[in-house]
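> What follows is a structure written as structure tokens; I'll ask about it next.
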Amino acid sequence: MPRRIVIGIRGVGHRVIDSIWRLGYASRFFLLTILKSGTGLRRFRLIIREVYFTGVLSLIIILVSGLFVGMVLGLQGYETLQRYGAESAVGTMVALSLLRELGPVVAALLFASRAGSAITAEIGLMKATEQLAAMELMAVDPIARVVAPRFWAGVISMPLLAALFSAIGVFGGYLVAVVLIGVDEGSFWSQMQDAVDFRYDIVNGVIKTCVFGVAVTAIAVFEGYDASPTAEGVSGATTRTVVTSSLAILGLDFVLTSFMFRGMS
Amino acid sequence: MALDALIEIRELNFSYGERPILKGVNMDMHRGQVIAIMGGSGSGKTTLLRLIGGAVRPSSGYVKLEGDIVHKLTRDELFLIRRKMSMLFQFGALFTDLSVFDNVAFQMREHTDLPEPMIRDLVLMKLQAVGLRGAHDLMPAQLSGGMARRVALARSIALDPVLIMYDEPFTGLDPISLTVIGNLIRRLTDALGMTSIVVTHDVQESLKIVDYVYFIADGVIAAHGTPAEVRESVAPFVHQFVHGEEDGPVTFHYPTQAYARDLRLENSFA
């Protein structure tokens with residue numbers, strides 16, 4: 001019996017040390033990516049190309065989801081607010097929910113599953129098919145040439161996608177509340193303009209999306225680069241990207257929200 | 001002749017942890033030669049290529065390339081020396097997100113400031129050498145295995161290296177592609193005056209094109225010589241390998257305890 005306990009404790013210890021080691025490895029990798037970003041920033045075409053793959057190709061899912069989320073917000077908001085005779089505030093509710101929370105968080109979750117997983121799978125497969133080794137032997141650093149451009153493309157795309165998500169979400173709310181239900185258009189827009197503060201709501205939302213962009217893309221490129229070069233390795237890494245970045249988004253969202261919005265208005 | 005050696009390998013040892021992979025390997029490779037390194041799977045052939053390319057460090061001994069000891073170079077110096085060598089991977093390792101043209105142009109764009117029209121001409125010349133000028137706008141996914149390897153070959157000669165290493169270039173090719181790749185290796189080596197190291201299992205094809213053969217078994221050089229010497233060798237290992245025989249010093253069974261003992265039959269017939 002004590003032997004089993006010893007083995008159990010040893011197992012736990014082993015896992016803890018392993019996770020800490022991996023965290024350290026990931027941090028070093030993140031730092032290296034930043035340090036080796038010179039090539040990508042000098043040859044900006046490399047980043048633009050990746051912005052197309054991570055950003056432009058994610059547009060459909062982001063826009064359609066944004067539209068529906070906005071429409072649902074309009075519907076639910078009207079449903080609740082009309083009980084208090086405050087249905088004209090539905091515009092405010094839609095805009096604030098999207099700008100502060102749903103825009104950044106849902107867009108980042110979608111981004112993680114659409115673009116993050118693609119980045120991991122691509123880099124992982126490049127490793128499995130020896131493309132990264134080939135590049136290294138051609139005296140080209142894969143972190144500078146492959147990882148860093150994808151990282152910066154993600155960091156650039158994420159805030160733009162979230163902005164589009166929020167914008168089309170507001171439009172969706174307008175469609176449902178004003179066009180379908182018939183809330184007064186003037187009060188819908190004017191109340192929204194009154195209530196939304198640029199610094200407090202919009203800038204904070206943008207800060208969130210930037211942080212999420214860095215987190216999701218950093219996780220995606222690391223998991224891809226660290227994937228074991230087999231079919232199972234790449235599929236496992238892709239799954240880990242989606243799971244880890246989703247959890248990171250939600251965790252970071254709580255931390256950021258608690259710093260940004262503390263009951264003031 | 002000794003002065004001319006492009007690569008000099010002396011008492012090279014390498015081990016993964018406790019497991020020795022290479023034990024005291026000595027080799028000399030000269031300019032203009034095609035050298036084959038043969039041996040069974042897991043005999044340390046690919047590791048040897050990785051040591052020459054500086055991807056791993058030896059436990060002791062050294063690899064000298066054009067007078068520089070590879071593992072003593074700094075990362076920047078290593079990257080500099082790697083511009084003079086290239087490697088053809090088993091399945092080509094073409095960059096799947098770039099077209100055939102961009103794959104061949106990759107190193108020129110990364111390492112030189114050549115104007116784009118000149119890069120275009122150079123790329124077409126390299127592709128012409130492997131007979132695939134007409135395929136320059138295809139993507140790697142559209143190529144057959146043999147074509148992909150020819151493109152990879154064109155890519156590896158992009159910057160006119162002094163050394164090309166081929167990691168099992170014949171694996172999985174049909175007989176025609178196999179002959180084509182074999183002849184290309186020979187022709188390019190002669191035309192460019194470089195050195196080619198071919199790691200392979202394919203005895204018959206490689207004996208046709210190489211100048212010198214090293215056999216590696218269990219991490220040591222079991223035999224070496226010219227193709228003619230190798231064909232006539234009576235050394236048991238070489239004979240078994242060249243003629244693909246089942247019986248010989250390389251056994252079919254993985255070492256283990258006696259069969260009867262494993263089946264617990266030891267005392268049954270006593």
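How things are named: the first chain in the structure tokens is A, the next is B, and so on; residues count from 1 in each chain; ligands count from 1 in the order shown.
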Mind checking which residues fall within 12 Å of Ala158 in chain B, counting only C-alpha atoms, ignoring those fewer than 3 positions away in the same chain, and posting them as a PyMOL selection string?
(chain A and resi 138) or (chain B and resi 83-87+101-112+119-127+129-130+151-155+161-162+164+188+192)
> Mind writing the picked residues with N, CA and C atoms as a compact mmCIF listing (two decimals), in the first residue's frame?

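Printed below is again_37.txt as written:
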```txt
# COMPACT_ATOMS: atom_id res chain seq x y z
N MET A 138 18.63 24.96 -44.89
CA MET A 138 18.89 25.97 -45.92
C MET A 138 19.34 27.28 -45.27
N ARG B 83 24.84 27.49 -46.18
CA ARG B 83 24.48 27.99 -47.51
C ARG B 83 25.26 27.27 -48.59
N LYS B 84 26.36 26.61 -48.18
CA LYS B 84 27.17 25.91 -49.16
C LYS B 84 26.75 24.45 -49.28
N MET B 85 25.83 24.01 -48.42
CA MET B 85 25.41 22.61 -48.51
C MET B 85 23.90 22.56 -48.63
N SER B 86 23.41 21.46 -49.15
CA SER B 86 21.97 21.31 -49.09
C SER B 86 21.63 19.85 -48.94
N MET B 87 20.36 19.62 -48.65
CA MET B 87 19.97 18.25 -48.34
C MET B 87 18.67 17.94 -49.05
N PHE B 101 7.77 26.94 -58.58
CA PHE B 101 8.67 28.06 -58.86
C PHE B 101 9.18 28.69 -57.57
N ASP B 102 8.24 29.00 -56.65
CA ASP B 102 8.63 29.67 -55.40
C ASP B 102 9.49 28.78 -54.52
N ASN B 103 9.25 27.46 -54.60
CA ASN B 103 10.10 26.54 -53.84
C ASN B 103 11.55 26.64 -54.29
N VAL B 104 11.75 26.64 -55.62
CA VAL B 104 13.12 26.69 -56.13
C VAL B 104 13.72 28.07 -55.88
N ALA B 105 12.86 29.11 -55.92
CA ALA B 105 13.36 30.48 -55.73
C ALA B 105 13.59 30.81 -54.26
N PHE B 106 13.11 29.91 -53.36
CA PHE B 106 13.10 30.22 -51.92
C PHE B 106 14.44 30.73 -51.40
N GLN B 107 15.51 29.92 -51.61
CA GLN B 107 16.80 30.31 -51.05
C GLN B 107 17.37 31.55 -51.72
N MET B 108 17.09 31.70 -53.02
CA MET B 108 17.61 32.88 -53.72
C MET B 108 16.99 34.14 -53.11
N ARG B 109 15.69 34.06 -52.81
CA ARG B 109 15.02 35.23 -52.24
C ARG B 109 15.46 35.46 -50.79
N GLU B 110 15.74 34.35 -50.07
CA GLU B 110 16.11 34.50 -48.66
C GLU B 110 17.54 35.00 -48.50
N HIS B 111 18.43 34.52 -49.37
CA HIS B 111 19.84 34.76 -49.11
C HIS B 111 20.52 35.73 -50.07
N THR B 112 19.84 36.12 -51.14
CA THR B 112 20.51 37.01 -52.08
C THR B 112 19.63 38.24 -52.34
N ILE B 119 16.14 36.09 -60.87
CA ILE B 119 15.71 34.90 -60.12
C ILE B 119 14.85 34.02 -61.03
N ARG B 120 13.99 34.67 -61.82
CA ARG B 120 13.12 33.91 -62.72
C ARG B 120 13.96 33.08 -63.69
N ASP B 121 14.95 33.71 -64.29
CA ASP B 121 15.80 32.99 -65.25
C ASP B 121 16.52 31.83 -64.57
N LEU B 122 17.08 32.11 -63.38
CA LEU B 122 17.83 31.07 -62.66
C LEU B 122 16.92 29.89 -62.31
N VAL B 123 15.71 30.21 -61.82
CA VAL B 123 14.80 29.14 -61.42
C VAL B 123 14.45 28.28 -62.63
N LEU B 124 14.17 28.94 -63.77
CA LEU B 124 13.82 28.17 -64.96
C LEU B 124 14.99 27.30 -65.42
N MET B 125 16.22 27.82 -65.24
CA MET B 125 17.39 27.01 -65.60
C MET B 125 17.51 25.78 -64.70
N LYS B 126 17.29 25.99 -63.40
CA LYS B 126 17.38 24.85 -62.47
C LYS B 126 16.29 23.83 -62.79
N LEU B 127 15.09 24.33 -63.10
CA LEU B 127 13.99 23.41 -63.40
C LEU B 127 14.25 22.68 -64.73
N ALA B 129 17.10 21.77 -65.73
CA ALA B 129 18.09 20.72 -65.46
C ALA B 129 17.42 19.44 -64.97
N VAL B 130 16.26 19.57 -64.31
CA VAL B 130 15.58 18.35 -63.83
C VAL B 130 14.37 18.03 -64.72
N VAL B 151 11.83 18.26 -58.20
CA VAL B 151 11.73 19.68 -57.83
C VAL B 151 12.63 19.95 -56.62
N ALA B 152 12.59 19.01 -55.65
CA ALA B 152 13.44 19.19 -54.47
C ALA B 152 14.91 19.22 -54.86
N LEU B 153 15.24 18.43 -55.87
CA LEU B 153 16.62 18.40 -56.36
C LEU B 153 16.97 19.76 -56.99
N ALA B 154 16.04 20.30 -57.78
CA ALA B 154 16.26 21.62 -58.37
C ALA B 154 16.42 22.67 -57.27
N ARG B 155 15.60 22.54 -56.22
CA ARG B 155 15.69 23.49 -55.11
C ARG B 155 17.03 23.36 -54.40
N PRO B 161 25.48 24.63 -54.42
CA PRO B 161 26.20 24.21 -53.21
C PRO B 161 27.44 23.39 -53.56
N VAL B 162 28.34 23.24 -52.59
CA VAL B 162 29.51 22.39 -52.82
C VAL B 162 29.22 20.97 -52.36
N ILE B 164 25.84 18.17 -51.54
CA ILE B 164 24.42 17.82 -51.38
C ILE B 164 24.33 16.47 -50.69
N LEU B 188 24.41 16.03 -62.22
CA LEU B 188 24.55 17.32 -61.53
C LEU B 188 25.86 17.39 -60.78
N LEU B 192 28.36 20.35 -61.83
CA LEU B 192 28.59 21.44 -60.87
C LEU B 192 29.87 21.24 -60.05
```
> Show me, as a PyMOL selection string, every residue of chain B with an atom at most 6 Å from chain A, counting only C-alpha atoms.
chain B and resi 79+82+93
> Among the residues of range 106-215 of chain B, find those DSSP assigns to helix (DSSP H, G or I) from the backbone and print them as a count of residues only.
63
> As an exercise, work out the distance from CA of Thr46 in chain B to CA of Phe237 in chain B in Å and give it to one decimal place.
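About the pair CA of Thr46 in chain B and CA of Phe237 in chain B: they are 19.8 Å apart.
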> Would you list the contacts of Phe53 in chain A as a tab-separated table (two decimals) with all heavy atoms, in the first residue's frame, taking every protein, DNA or RNA residue within 10 Å and counting only C-alpha atoms, but skipping same-chain residues closer than 6 positions in sequence?

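Contents of selection.tsv, as written:
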```tsv
chain	number	residue	atom	x	y	z
A	47	ILE	N	3.80	38.89	-43.76
A	47	ILE	CA	2.71	39.00	-42.78
A	47	ILE	C	1.37	39.20	-43.49
A	47	ILE	O	0.37	38.58	-43.13
A	47	ILE	CB	3.00	40.14	-41.79
A	47	ILE	CG1	4.25	39.80	-40.98
A	47	ILE	CG2	1.82	40.38	-40.88
A	47	ILE	CD1	4.63	40.80	-39.93
A	115	ALA	N	-8.96	29.89	-37.04
A	115	ALA	CA	-7.60	30.23	-37.50
A	115	ALA	C	-6.53	29.57	-36.64
A	115	ALA	O	-5.53	29.07	-37.16
A	115	ALA	CB	-7.43	31.74	-37.51
A	118	ALA	N	-5.99	26.03	-37.55
A	118	ALA	CA	-5.37	25.94	-38.88
A	118	ALA	C	-3.87	26.22	-38.79
A	118	ALA	O	-3.06	25.54	-39.41
A	118	ALA	CB	-6.04	26.90	-39.84
A	119	ILE	N	-3.51	27.24	-37.99
A	119	ILE	CA	-2.09	27.57	-37.84
A	119	ILE	C	-1.34	26.39	-37.23
A	119	ILE	O	-0.28	25.97	-37.71
A	119	ILE	CB	-1.93	28.82	-36.93
A	119	ILE	CG1	-2.46	30.06	-37.64
A	119	ILE	CG2	-0.46	29.02	-36.55
A	119	ILE	CD1	-2.48	31.30	-36.76
A	150	ARG	N	3.23	34.35	-38.92
A	150	ARG	CA	1.89	33.86	-38.55
A	150	ARG	C	1.44	34.47	-37.23
A	150	ARG	O	0.27	34.79	-37.05
A	150	ARG	CB	1.88	32.33	-38.48
A	150	ARG	CG	1.79	31.70	-39.86
A	150	ARG	CD	2.12	30.22	-39.84
A	150	ARG	NE	1.98	29.61	-41.15
A	150	ARG	CZ	2.84	29.75	-42.15
A	150	ARG	NH1	3.90	30.51	-42.01
A	150	ARG	NH2	2.63	29.15	-43.30
A	153	ALA	N	0.46	38.07	-37.88
A	153	ALA	CA	-0.77	38.13	-38.67
A	153	ALA	C	-1.98	37.92	-37.76
A	153	ALA	O	-2.99	38.62	-37.86
A	153	ALA	CB	-0.74	37.07	-39.76
A	154	GLY	N	-1.85	36.95	-36.82
A	154	GLY	CA	-2.94	36.71	-35.88
A	154	GLY	C	-3.18	37.90	-34.98
A	154	GLY	O	-4.33	38.30	-34.73
A	157	SER	N	-4.94	40.49	-37.08
A	157	SER	CA	-6.29	40.13	-37.53
A	157	SER	C	-7.32	40.17	-36.41
A	157	SER	O	-8.46	40.59	-36.62
A	157	SER	CB	-6.32	38.71	-38.10
A	157	SER	OG	-5.34	38.56	-39.06
```
> I need the strand (DSSP E or B) residues of range 31-263 of chain B per DSSP on the backbone, written as a ChimeraX atom specification.
/B:34-38,60-65,68-69,85-88,163-167,195-200,212-217,220-225
> Would you mind listing what lies within 8 Å of Met139 in chain B as JSON, numbers by chain, with only C-alpha atoms counted and same-chain residues fewer than 5 positions away left out?
{"B": [96, 97, 98, 99, 100]}
> Residues at most 7 Å from range 204-219 of chain B, counting only C-alpha atoms, excluding those fewer than 4 positions away in the same chain, as a list in words?
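What passes the distance filter is Ile21, Leu22, Lys23, Gln33, Val34, Ile35, Ala36, Ile37, Met38, Gly39, Gly40, Ser43, Gly44, Gly182, Arg186, Ala223, His224, Gly225, Thr226 and Pro227 of chain B.
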> Quick one: write out the picked residues with all heavy atoms as a CSV table (one decimal), in the first residue's frame?

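The new file result.csv reads:
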```csv
chain,number,residue,atom,x,y,z
B,21,ILE,N,25.2,5.3,-31.2
B,21,ILE,CA,24.7,5.2,-32.6
B,21,ILE,C,25.9,5.0,-33.6
B,21,ILE,O,25.9,4.2,-34.4
B,21,ILE,CB,23.9,6.4,-33.0
B,21,ILE,CG1,22.8,6.7,-32.0
B,21,ILE,CG2,23.3,6.3,-34.4
B,21,ILE,CD1,21.7,5.7,-32.0
B,22,LEU,N,26.9,5.9,-33.4
B,22,LEU,CA,28.1,5.8,-34.2
B,22,LEU,C,29.3,5.6,-33.3
B,22,LEU,O,29.4,6.3,-32.3
B,22,LEU,CB,28.3,7.1,-35.1
B,22,LEU,CG,27.2,7.4,-36.1
B,22,LEU,CD1,27.4,8.7,-36.7
B,22,LEU,CD2,27.2,6.3,-37.2
B,23,LYS,N,30.2,4.7,-33.8
B,23,LYS,CA,31.3,4.4,-32.9
B,23,LYS,C,32.6,4.5,-33.7
B,23,LYS,O,32.9,3.6,-34.5
B,23,LYS,CB,31.2,3.0,-32.3
B,23,LYS,CG,30.0,2.8,-31.4
B,23,LYS,CD,29.8,1.4,-30.9
B,23,LYS,CE,28.9,0.6,-31.9
B,23,LYS,NZ,28.5,-0.6,-31.3
B,33,GLN,N,32.9,13.8,-56.2
B,33,GLN,CA,32.5,12.4,-56.0
B,33,GLN,C,31.1,12.2,-55.6
B,33,GLN,O,30.5,13.1,-55.0
B,33,GLN,CB,33.4,11.8,-54.8
B,33,GLN,CG,34.7,11.3,-55.2
B,33,GLN,CD,35.3,10.6,-54.0
B,33,GLN,OE1,35.1,10.9,-52.9
B,33,GLN,NE2,36.1,9.6,-54.3
B,34,VAL,N,30.5,11.0,-56.0
B,34,VAL,CA,29.2,10.6,-55.4
B,34,VAL,C,29.5,9.5,-54.5
B,34,VAL,O,30.1,8.5,-54.9
B,34,VAL,CB,28.2,10.2,-56.5
B,34,VAL,CG1,26.9,9.7,-55.8
B,34,VAL,CG2,28.0,11.2,-57.5
B,35,ILE,N,29.2,9.7,-53.2
B,35,ILE,CA,29.5,8.7,-52.2
B,35,ILE,C,28.2,8.1,-51.6
B,35,ILE,O,27.3,8.8,-51.3
B,35,ILE,CB,30.3,9.3,-51.1
B,35,ILE,CG1,31.7,9.8,-51.6
B,35,ILE,CG2,30.6,8.3,-49.9
B,35,ILE,CD1,32.0,11.2,-51.3
B,36,ALA,N,28.2,6.8,-51.6
B,36,ALA,CA,27.0,6.1,-51.0
B,36,ALA,C,27.3,5.7,-49.6
B,36,ALA,O,28.4,5.2,-49.3
B,36,ALA,CB,26.6,4.9,-51.9
B,37,ILE,N,26.3,5.9,-48.7
B,37,ILE,CA,26.4,5.3,-47.4
B,37,ILE,C,25.3,4.3,-47.3
B,37,ILE,O,24.1,4.7,-47.4
B,37,ILE,CB,26.3,6.4,-46.3
B,37,ILE,CG1,27.5,7.4,-46.5
B,37,ILE,CG2,26.3,5.8,-44.9
B,37,ILE,CD1,27.4,8.6,-45.6
B,38,MET,N,25.6,3.1,-47.1
B,38,MET,CA,24.6,2.0,-47.0
B,38,MET,C,24.6,1.3,-45.7
B,38,MET,O,25.7,1.3,-45.0
B,38,MET,CB,24.9,1.0,-48.1
B,38,MET,CG,24.7,1.5,-49.5
B,38,MET,SD,24.7,0.2,-50.7
B,38,MET,CE,25.1,1.1,-52.1
B,39,GLY,N,23.5,0.7,-45.4
B,39,GLY,CA,23.4,0.0,-44.1
B,39,GLY,C,22.0,-0.2,-43.8
B,39,GLY,O,21.1,0.4,-44.4
B,40,GLY,N,21.7,-1.2,-42.9
B,40,GLY,CA,20.3,-1.5,-42.6
B,40,GLY,C,19.6,-0.4,-41.9
B,40,GLY,O,20.3,0.7,-41.6
B,43,SER,N,20.9,1.9,-38.6
B,43,SER,CA,22.4,1.7,-38.5
B,43,SER,C,23.1,3.0,-38.2
B,43,SER,O,24.3,3.0,-38.0
B,43,SER,CB,22.9,1.0,-39.7
B,43,SER,OG,22.7,1.7,-40.8
B,44,GLY,N,22.5,4.1,-38.3
B,44,GLY,CA,23.1,5.4,-38.0
B,44,GLY,C,23.4,6.2,-39.2
B,44,GLY,O,24.1,7.2,-39.2
B,182,GLY,N,18.6,8.8,-60.2
B,182,GLY,CA,19.9,8.4,-60.1
B,182,GLY,C,20.8,9.1,-61.1
B,182,GLY,O,21.9,9.6,-60.7
B,186,ARG,N,24.1,11.9,-60.6
B,186,ARG,CA,25.4,11.8,-61.2
B,186,ARG,C,25.7,13.0,-62.1
B,186,ARG,O,26.8,13.6,-62.0
B,186,ARG,CB,25.4,10.5,-62.0
B,186,ARG,CG,26.7,10.1,-62.7
B,186,ARG,CD,27.8,9.7,-61.7
B,186,ARG,NE,28.8,10.6,-61.5
B,186,ARG,CZ,29.8,10.4,-60.6
B,186,ARG,NH1,29.9,9.3,-59.9
B,186,ARG,NH2,30.8,11.3,-60.5
B,223,ALA,N,32.5,-2.0,-44.0
B,223,ALA,CA,33.3,-2.2,-45.3
B,223,ALA,C,33.3,-0.9,-46.1
B,223,ALA,O,32.4,-0.1,-45.9
B,223,ALA,CB,32.8,-3.3,-46.1
B,224,HIS,N,34.3,-0.7,-47.0
B,224,HIS,CA,34.2,0.4,-47.9
B,224,HIS,C,35.0,0.1,-49.1
B,224,HIS,O,35.9,-0.8,-49.1
B,224,HIS,CB,34.6,1.7,-47.2
B,224,HIS,CG,36.0,1.7,-46.7
B,224,HIS,ND1,37.1,2.2,-47.3
B,224,HIS,CD2,36.5,1.2,-45.5
B,224,HIS,CE1,38.1,2.1,-46.6
B,224,HIS,NE2,37.8,1.4,-45.5
B,225,GLY,N,34.7,0.8,-50.2
B,225,GLY,CA,35.4,0.5,-51.5
B,225,GLY,C,34.7,1.1,-52.7
B,225,GLY,O,33.6,1.6,-52.5
B,226,THR,N,35.3,0.9,-53.8
B,226,THR,CA,34.6,1.3,-55.1
B,226,THR,C,33.5,0.3,-55.4
B,226,THR,O,33.5,-0.8,-54.9
B,226,THR,CB,35.6,1.4,-56.2
B,226,THR,OG1,36.1,0.0,-56.4
B,226,THR,CG2,36.8,2.3,-55.9
B,227,PRO,N,32.6,0.7,-56.3
B,227,PRO,CA,31.5,-0.3,-56.6
B,227,PRO,C,32.0,-1.6,-57.1
B,227,PRO,O,31.5,-2.7,-56.7
B,227,PRO,CB,30.7,0.5,-57.7
B,227,PRO,CG,31.0,1.9,-57.4
B,227,PRO,CD,32.3,2.0,-56.9
```
> Can you pull out the residues contacting Ile181 in chain B? Cut-off 10 Å, using only C-alpha atoms, and skip same-chain residues under 2 positions away; I want them as a list in words.
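Contacts, with the query itself left out: Val130, Gly146, Met147, Arg149, Arg150, Leu153, Pro169, Phe170, Leu173, Pro175, Ile176, Ser177, Leu178, Thr179, Asn183, Leu184, Ile185, Arg186, Arg187 and Glu205 of chain B.
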> I need the chosen residues saved as a compact mmCIF listing (two decimals), in the first residue's frame, with N, CA and C atoms.

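Contents of the output file out.txt:
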```txt
# COMPACT_ATOMS: atom_id res chain seq x y z
N VAL B 130 16.26 19.57 -64.31
CA VAL B 130 15.58 18.35 -63.83
C VAL B 130 14.37 18.03 -64.72
N GLY B 146 7.92 11.12 -57.83
CA GLY B 146 9.17 11.31 -58.56
C GLY B 146 9.38 12.77 -58.94
N MET B 147 8.28 13.43 -59.39
CA MET B 147 8.39 14.84 -59.76
C MET B 147 8.74 15.70 -58.55
N ARG B 149 10.41 14.89 -56.01
CA ARG B 149 11.81 14.75 -55.66
C ARG B 149 12.72 15.48 -56.66
N ARG B 150 12.28 15.54 -57.92
CA ARG B 150 13.08 16.30 -58.90
C ARG B 150 13.02 17.79 -58.60
N LEU B 153 15.24 18.43 -55.87
CA LEU B 153 16.62 18.40 -56.36
C LEU B 153 16.97 19.76 -56.99
N PRO B 169 17.03 8.87 -51.39
CA PRO B 169 16.33 9.53 -52.49
C PRO B 169 15.52 8.58 -53.37
N PHE B 170 15.74 7.27 -53.22
CA PHE B 170 15.07 6.34 -54.13
C PHE B 170 13.82 5.70 -53.53
N LEU B 173 9.95 5.01 -55.29
CA LEU B 173 9.87 5.49 -56.68
C LEU B 173 9.67 4.32 -57.64
N PRO B 175 10.44 2.31 -61.23
CA PRO B 175 11.77 2.07 -61.82
C PRO B 175 12.24 3.21 -62.73
N ILE B 176 11.31 3.83 -63.46
CA ILE B 176 11.73 4.90 -64.38
C ILE B 176 12.20 6.12 -63.58
N SER B 177 11.37 6.56 -62.63
CA SER B 177 11.75 7.72 -61.82
C SER B 177 13.06 7.44 -61.09
N LEU B 178 13.22 6.18 -60.66
CA LEU B 178 14.42 5.81 -59.92
C LEU B 178 15.67 6.02 -60.77
N THR B 179 15.61 5.56 -62.01
CA THR B 179 16.76 5.74 -62.91
C THR B 179 16.97 7.23 -63.19
N ASN B 183 20.40 9.12 -62.31
CA ASN B 183 21.22 9.77 -63.35
C ASN B 183 21.37 11.26 -63.08
N LEU B 184 20.29 11.88 -62.59
CA LEU B 184 20.37 13.32 -62.28
C LEU B 184 21.43 13.60 -61.23
N ILE B 185 21.45 12.74 -60.20
CA ILE B 185 22.44 12.94 -59.13
C ILE B 185 23.85 12.90 -59.71
N ARG B 186 24.08 11.90 -60.58
CA ARG B 186 25.40 11.77 -61.18
C ARG B 186 25.74 12.97 -62.07
N ARG B 187 24.79 13.33 -62.94
CA ARG B 187 25.04 14.40 -63.91
C ARG B 187 25.27 15.74 -63.22
N GLU B 205 20.80 0.28 -57.80
CA GLU B 205 20.72 1.59 -58.44
C GLU B 205 21.93 2.44 -58.06
```
> Mind giving me the straight-line distance from CA of Glu11 in chain B to CA of Gly61 in chain B in Å, one decimal?
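CA of Gly61 in chain B lies 4.8 Å from CA of Glu11 in chain B.
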